[in-house]
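> Take this structure, written in structure tokens, and hold onto it; I'll ask about it next.
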Amino acid sequence: MSPKNEVLPLNFLCLKYVSNILIHVLSDDEGKNYLTVEKYLLDATYEVIQDLLKLILNTENLDASTRFSCLHVLLREDVRRVDTGVFPHSYYEKIMEILKEKCGSLQHLNLKGVWVREHPNLLSDLLTKLKYLRVLIMPHIPDDLVLETTLKLSKLSVLDISGECAFSENALRRLRSTSINILHIGMYGVLDISGECAFSENALRRLRSTSINILHIGMYGKCAFSENALRRLRSTSINILHIGMYGKKEICQDGDSTEVMADVILQLPNLNVLKIYSFTGSALLKLYKRLPEYKTKLTYIHDTDTDKEILEAIVHLCPKLQSVNFNNPQDGVLCSLGRLKCLNSLKLSRPIYRDLACYLAKSGGRLQVLKLNLIKENRIDVSEVCMYAPELQTLECFKLSLCCLQPDNYFMNLHTVEILYCDVSANVLRYLLMNTPFLRRIVVGDVIMMTDGDIFRLCADCEFQCLEELWFSSARCLTATSVELLMGHCRNLRVLGQLSGWDVTPNDMDYLRTVIMSSNLDLTLLPVGVFP
């Protein structure tokens, strides 16, 4: 049986019940019930009021006027925490006035969703009154006036003024406090300058950083900076670089992009992942010819038309490489890939089958992830993959022809299987289901000729103790009987789909969902919503 949903705590159910009543009572725009509700909640503790406010203000799909009415009525002097949630611009001034009027004892104020940047005087007046405030969260908001007022809050220990704020250098220099323990300021260590940017070549040349960890450059290849500007990109902290465009070798408007990328790799000594750009091998070859003893910290690369010379450069320059993505690797490349001792993840598009078989036979024991696309000259024997890659955890197949010639081999570590647009028989699918005892997720996007009887025999032979997700996109011979068998037999099954491709009627879906709801099962039948 699929796992049960956890029963919600009684206090949450009570809060939910009371909040629904309050929302219904306070949903009118005339305020007829304001005084009645205030009197009714007069004896409630501030903890209860805070929990009600948090639940109501963060309720999705509840109109702003009702949320504001609840804030107006529930807010009172002893409330210590307010998280405003998201409101339209027209409510900003009203919310500031109510907070100023009723929140003298407030200790925690979160203004995310109420961007009062255009009302610094109101916010400053509010903060002046909040003498007990300990936590203040107002990203993208403060200017010099607000920051000056914030410095007068003697009990403040957590301050969030991150994002694009309007305060000046002088105001920030005056930030002094003996009570602040946690400070969020500026933008996170991710710099995204992708898209059609207006920065100049000189601006890019001056990009030096000790704090940026992830950098996105260009609109996947459509950039206006020059070769010289990109050559001056230097940083000791960038770990992940998104640059270029899939399938395009040139990045800059001028010059040889492989030479430029060689310089970039050299000038980013702590770079681990180079994404989007799919000709990294050529850049590494240029770098290898210049500095054969140099070692990078790259753990992932993507390359196209890799030959033996490029692979030699990759092996020497990238000893820490854990994951590679090769498009159309040339003859003999995969056979030598075993020299990368840390490699555990391999994605191949249009590889030569005999080279793949050679690599698996020699070094498949280290593989944990294998993704194969477009191998046309041979059928892929999944049982042979199992034999040569016993540590495999993820197997993805795209546009392949699959077979199974040694059904006694078991995948003892495989967790995830995805098969899309492949020639796959019921026997292969049966092998994968029966010989993968720790399978958690299987996705098959092809026509499956399995019947309810096949599912019954599978459930009789296999326990499927770990199976959490099962997706069969087109299984016209499977009916609601198979759904009931699977949901009754697989004790961890949480997602089952796509039933729109099964022989399941809308009435069947209504019945199955009723059973799931009445049994309190944590199981989602896809597609969600109205069944076609």
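Numbering starts fresh at 1 for the residues of each chain in the structure tokens, the chains themselves are lettered A, B, ... in the order given, and ligands are numbered from 1 as they appear.
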List the spatial neighbours of His415 in chain A as a list in words - criterion: any atom at most 10 Å away, only C-alpha atoms, same-chain residues fewer than 4 positions off excluded.
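Here the qualifying residues turn out to be Leu392, Gln393, Thr394, Leu395, Phe411, Thr436, Pro437, Phe438, Leu439, Arg440, Arg441, Ile442, Cys466 and Leu467 of chain A.
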> Generate a file of the selected residues that holds N, CA and C atoms, formatted as a tab-separated table (two decimals), in the first residue's frame.

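So part-v1.tsv came out as:
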```
chain	number	residue	atom	x	y	z
A	392	LEU	N	26.18	1.57	-11.11
A	392	LEU	CA	25.32	2.54	-11.79
A	392	LEU	C	24.09	2.88	-10.95
A	393	GLN	N	23.84	4.20	-10.81
A	393	GLN	CA	22.67	4.68	-10.06
A	393	GLN	C	21.62	5.31	-10.96
A	394	THR	N	22.05	5.89	-12.07
A	394	THR	CA	21.12	6.55	-13.00
A	394	THR	C	21.42	6.09	-14.42
A	395	LEU	N	20.37	5.66	-15.13
A	395	LEU	CA	20.51	5.24	-16.53
A	395	LEU	C	19.45	5.97	-17.35
A	411	PHE	N	20.94	-5.12	-11.44
A	411	PHE	CA	21.38	-3.77	-11.10
A	411	PHE	C	21.18	-3.58	-9.59
A	436	THR	N	16.07	-4.89	-10.70
A	436	THR	CA	16.56	-3.66	-10.07
A	436	THR	C	15.86	-3.52	-8.72
A	437	PRO	N	16.36	-4.20	-7.69
A	437	PRO	CA	15.63	-4.27	-6.42
A	437	PRO	C	15.50	-2.94	-5.69
A	438	PHE	N	16.37	-1.96	-5.98
A	438	PHE	CA	16.31	-0.69	-5.26
A	438	PHE	C	15.85	0.45	-6.16
A	439	LEU	N	15.11	0.11	-7.21
A	439	LEU	CA	14.61	1.12	-8.15
A	439	LEU	C	13.64	2.07	-7.45
A	440	ARG	N	13.87	3.38	-7.64
A	440	ARG	CA	13.01	4.40	-7.05
A	440	ARG	C	12.14	5.10	-8.09
A	441	ARG	N	12.69	5.27	-9.28
A	441	ARG	CA	11.97	6.05	-10.29
A	441	ARG	C	12.21	5.46	-11.67
A	442	ILE	N	11.12	5.20	-12.39
A	442	ILE	CA	11.25	4.71	-13.77
A	442	ILE	C	10.29	5.49	-14.66
A	466	CYS	N	11.29	0.02	-2.84
A	466	CYS	CA	11.80	1.39	-2.93
A	466	CYS	C	11.11	2.23	-4.00
A	467	LEU	N	10.26	1.63	-4.82
A	467	LEU	CA	9.67	2.35	-5.96
A	467	LEU	C	8.78	3.50	-5.49
```
> What's the 7 Å shell around Leu123 in chain A, counting only C-alpha atoms, without same-chain residues fewer than 4 positions away, as a PDB file with C-alpha atoms, in the first residue's frame?

```
ATOM      1  CA  MET A  96       2.725  51.177   7.203  1.00  0.00           C
ATOM      2  CA  HIS A 119       7.842  55.724   1.109  1.00  0.00           C
ATOM      3  CA  LEU A 127      11.037  52.057  12.698  1.00  0.00           C
ATOM      4  CA  VAL A 146      15.880  54.423   6.526  1.00  0.00           C
TER       5      VAL A 146
END
```
> Pick out the residues sitting within 9 Å of range 90-94 of chain A, and hand them over as a PyMOL selection string; count only C-alpha atoms, and ignore anything fewer than 2 positions along from it in its own chain.
chain A and resi 64-65+68+87-88+96-99+114-116+119+122
> Find the residues around Thr36 in chain A up to 12 Å (only C-alpha atoms counted), leave out those fewer than 5 positions away in its own chain, and share them as an NGL selection string.
:A and (22 or 25-26 or 31 or 41-42 or 73-74)
